[in-house]
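S.K.: Please find one structure pasted underneath; my questions will follow.
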Amino acid sequence: MTRVGLWAAGVSAALVASAVAGEPRFFVVGTGRLALRSAFSGAEVNVTYRRPDGTYDDAALARMKRVLRSRDGREGPLEPRFVELLGWLYDAAGQRPLRVQSGYRSPQHNEKIRARGAKAASGSMHTEGMAADVVIDKQQLEPLWQRLRALDCCGAGYYPAGSFLHVDVGPSRFWDEQSSRVDENLSAGNARLFARTDFDRYAVGDAMRVRLHSLTVPPVRIAYEAHFEVAGVPVEISEPTPDATGCIEADARTEFVLPAKQGIPRDVLVFATCEPRGERTPITVRTNPIVVAPR
């Protein structure tokens, strides 16, 4: 049985207090304030989404979800990691309201876009509430794209014809209109499967929660033991429980819980997939970089 946790249920302010006093839980953050405007609905929001103690305001996140909703009216998930990226962009753009051309896209709406021949990836991170297309003043467009690239944290697409940037919290990569390759459906068959932790910074004793993304052919079988890529330290998944083969059958709603048992400098968790692997499922799946600090 999969565990549906923080992401699916909505962020609870009580669950996201800073693990290490004085440090934000993510490497890329805004100041905690964000103003958004939907280009298609005209809905606006101007909120303080993060409190001084590092917790997130559920009401503010709910208002942002409404502004970022799909064009068919459906609201999607909204993770603090993505909110902080938008907060960073808001600050970098001069704290003028970000005009969102496309935020969340329901899977149904995304397929309608594809059906009419428009460019939209089947495994688009828009469908997971992890991406947005943001209209930017032309004089700021390329400089902001270059700054996003330098962060080496996220996806950054440069579209000068439409004067917008695509931003997402997927693997670090960048492209422009000529090199986007969106029509090639690069995520098909789980080819771009990746993992994300709920935070970037942890303290020893914390629970690290991980989910899979760009999962286009579920389920995927994951070995119960992961390891830190550089340190080589093994970490066993404590939830959910593996089967007799030592593997866990997972879909996009499965939350893996791993204990942070020792200090680890900036490193990446690597999960192995188990056979049989469907289509183009990779042998290993990596998370974003994380740090585990002594408490």
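Identifiers for the structure tokens are assigned positionally: chains receive A, B, ... in sequence, residues are indexed from 1 per chain, and ligands are indexed from 1 in the order shown.
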List the neighbours of A:Asn190 out to 10 Å using only C-alpha atoms; skip same-chain residues closer than 3 positions along the sequence, and give me the result as a ChimeraX atom specification.

M.R.: /A:123,186-187,193-194,213-220,277-282

S.K.: Counting only C-alpha atoms, which residues of stretch 132-207 of chain A sit at most 10 Å from some atom of stretch 82-101 of chain A, and what is each one's closest atom pair with its distance in Å to one decimal, listed by chain and rising residue number, as a Markdown table?

M.R.:
```
| residue | atom | partner | partner_atom | distance |
| --- | --- | --- | --- | --- |
| A:Ala132 | CA | A:Val100 | CA | 6.8 |
| A:Asp133 | CA | A:Gln101 | CA | 5.4 |
| A:Val134 | CA | A:Val100 | CA | 4.6 |
| A:Val135 | CA | A:Arg99 | CA | 5.4 |
| A:Ile136 | CA | A:Arg99 | CA | 7.6 |
| A:Asp137 | CA | A:Ala93 | CA | 8.8 |
| A:Gln140 | CA | A:Ala93 | CA | 7.3 |
| A:Leu141 | CA | A:Ala93 | CA | 9.2 |
| A:Pro143 | CA | A:Ala93 | CA | 9.9 |
| A:Leu144 | CA | A:Ala92 | CA | 7.4 |
| A:Trp145 | CA | A:Leu89 | CA | 10.0 |
| A:Arg147 | CA | A:Ala92 | CA | 8.9 |
| A:Leu148 | CA | A:Leu89 | CA | 8.5 |
| A:Cys153 | CA | A:Leu85 | CA | 9.6 |
| A:Cys154 | CA | A:Leu85 | CA | 8.7 |
| A:Gly162 | CA | A:Gln101 | CA | 10.0 |
| A:Phe164 | CA | A:Gln101 | CA | 8.1 |
| A:Leu165 | CA | A:Gln101 | CA | 9.6 |
| A:His166 | CA | A:Gln101 | CA | 9.6 |
| A:Val167 | CA | A:Leu85 | CA | 8.1 |
| A:Asp168 | CA | A:Phe82 | CA | 7.1 |
| A:Val169 | CA | A:Phe82 | CA | 6.1 |
| A:Gly170 | CA | A:Phe82 | CA | 9.6 |
```

S.K.: How about saving the chosen residues, N, CA and C atoms kept, as a short mmCIF file (atom, residue, chain, number, x, y, z; two decimals), in the first residue's frame?

M.R.:
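Now in out.cif:
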```cif
data_model
loop_
_atom_site.label_atom_id
_atom_site.label_comp_id
_atom_site.auth_asym_id
_atom_site.auth_seq_id
_atom_site.Cartn_x
_atom_site.Cartn_y
_atom_site.Cartn_z
N ALA A 132 5.92 26.30 -15.00
CA ALA A 132 5.11 27.43 -15.44
C ALA A 132 5.82 28.13 -16.60
N ASP A 133 5.02 28.73 -17.48
CA ASP A 133 5.53 29.61 -18.52
C ASP A 133 5.20 31.03 -18.08
N VAL A 134 6.24 31.85 -17.91
CA VAL A 134 6.08 33.17 -17.31
C VAL A 134 6.50 34.25 -18.31
N VAL A 135 5.58 35.15 -18.61
CA VAL A 135 5.87 36.26 -19.52
C VAL A 135 6.81 37.24 -18.82
N ILE A 136 7.89 37.60 -19.52
CA ILE A 136 8.93 38.47 -18.96
C ILE A 136 9.19 39.62 -19.93
N ASP A 137 9.45 40.81 -19.40
CA ASP A 137 9.82 41.93 -20.27
C ASP A 137 11.00 41.53 -21.15
N GLN A 140 14.57 41.88 -20.04
CA GLN A 140 14.98 41.03 -18.94
C GLN A 140 15.04 39.55 -19.33
N LEU A 141 14.46 39.20 -20.45
CA LEU A 141 14.22 37.80 -20.78
C LEU A 141 15.51 36.97 -20.83
N PRO A 143 18.73 37.84 -19.90
CA PRO A 143 19.52 37.87 -18.66
C PRO A 143 18.95 36.96 -17.57
N LEU A 144 17.62 36.92 -17.43
CA LEU A 144 17.03 36.05 -16.41
C LEU A 144 17.22 34.58 -16.77
N TRP A 145 17.13 34.26 -18.05
CA TRP A 145 17.39 32.88 -18.49
C TRP A 145 18.81 32.47 -18.15
N ARG A 147 20.68 33.67 -15.78
CA ARG A 147 20.79 33.54 -14.33
C ARG A 147 20.20 32.21 -13.85
N LEU A 148 19.08 31.81 -14.44
CA LEU A 148 18.49 30.52 -14.10
C LEU A 148 19.43 29.37 -14.47
N CYS A 153 19.98 24.23 -11.17
CA CYS A 153 19.02 23.59 -10.25
C CYS A 153 17.78 23.06 -10.93
N CYS A 154 17.47 23.61 -12.12
CA CYS A 154 16.10 23.50 -12.59
C CYS A 154 16.05 23.46 -14.11
N GLY A 162 7.72 34.52 -27.96
CA GLY A 162 6.57 34.75 -27.10
C GLY A 162 6.89 35.56 -25.87
N PHE A 164 8.60 34.73 -23.17
CA PHE A 164 8.37 34.05 -21.90
C PHE A 164 9.47 33.06 -21.61
N LEU A 165 9.59 32.73 -20.33
CA LEU A 165 10.49 31.69 -19.85
C LEU A 165 9.67 30.53 -19.33
N HIS A 166 10.07 29.33 -19.68
CA HIS A 166 9.55 28.14 -19.01
C HIS A 166 10.47 27.86 -17.83
N VAL A 167 9.89 27.65 -16.64
CA VAL A 167 10.68 27.30 -15.47
C VAL A 167 10.07 26.07 -14.82
N ASP A 168 10.90 25.15 -14.37
CA ASP A 168 10.40 23.97 -13.67
C ASP A 168 11.43 23.50 -12.66
N VAL A 169 11.01 22.58 -11.79
CA VAL A 169 11.91 22.06 -10.76
C VAL A 169 12.31 20.62 -11.07
N GLY A 170 12.40 20.32 -12.35
CA GLY A 170 12.93 19.04 -12.78
C GLY A 170 14.45 19.07 -12.82
#
```

S.K.: Please run DSSP on the backbone and report, as a PyMOL selection string, all residues within stretch 55-141 of chain A that come out as strand (DSSP E).

M.R.: chain A and resi 98-102+131-135

S.K.: Between atom CA of A:Phe199 and atom CA of A:Arg81, what distance in Å does the model show, to one decimal?

M.R.: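 Distance between the two atoms: 7.3 Å.
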
S.K.: Between A:Arg181, A:Arg33, A:Arg266, A:Gln108, which is the closest to A:Arg74 once you count only C-alpha atoms?

M.R.: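 Ranking A:Arg181, A:Arg33, A:Arg266, A:Gln108 by distance to A:Arg74, first place goes to A:Gln108.
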
S.K.: Would you mind listing what lies within 8 Å of A:Arg69 as an MDAnalysis selection string, with only C-alpha atoms counted and same-chain residues fewer than 3 positions away left out?

M.R.: chainID A and resid 65:66 73:76 103:105

S.K.: Between A:Thr55, A:Thr197, A:Ser102, A:Ser179, which one has atoms that come closest to A:Arg37, using only C-alpha atoms?

M.R.: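 When distances to A:Arg37 are compared using only C-alpha atoms, the smallest one comes from A:Ser102.
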
S.K.: Would you compute the distance between atom CA of A:Ala39 and atom CA of A:Gln178? Give it in Å to one decimal.

M.R.: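 Atom CA of A:Gln178 lies at a distance of 24.4 Å from atom CA of A:Ala39.
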
S.K.: I need the residues of stretch 31-158 of chain A that end up classed as helix (DSSP H, G or I) by DSSP on the backbone, written out as a PyMOL selection string.

M.R.: chain A and resi 58-67+80-92+107-115+125-128+138-151

S.K.: Show which residues sit within 12 Å of A:Phe271, as a ChimeraX atom specification. Count only C-alpha atoms, and ignore same-chain residues fewer than 3 positions away.

M.R.: /A:193-196,210-212,220-229,234-237,247-248,256,258,268,274,282-287

S.K.: Just to confirm, what's the straight-line distance from atom CA of A:Pro276 to atom CA of A:Pro242 in Å (one decimal)?

M.R.: 15.6 Å

S.K.: Using only C-alpha atoms for the distances, tell me which of A:Arg51, A:Arg192, A:His126, A:Arg25 is nearest to A:Ser70.

M.R.: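 Selected residue with least distance to A:Ser70: A:His126.
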
S.K.: A:Ser124, A:Leu269, A:Ala250, A:Arg209: which is nearest A:Asp183, counting only C-alpha atoms?

M.R.: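 Checking each of A:Ser124, A:Leu269, A:Ala250, A:Arg209 against A:Asp183, counting only C-alpha atoms, the winner is A:Ser124.
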
S.K.: So, with only C-alpha atoms as the atoms that count, which of A:His109, A:Val47, A:Leu34, A:Glu128 lies closest to A:Arg253?

M.R.: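 Comparing A:His109, A:Val47, A:Leu34, A:Glu128 against A:Arg253, the winner is A:Glu128.
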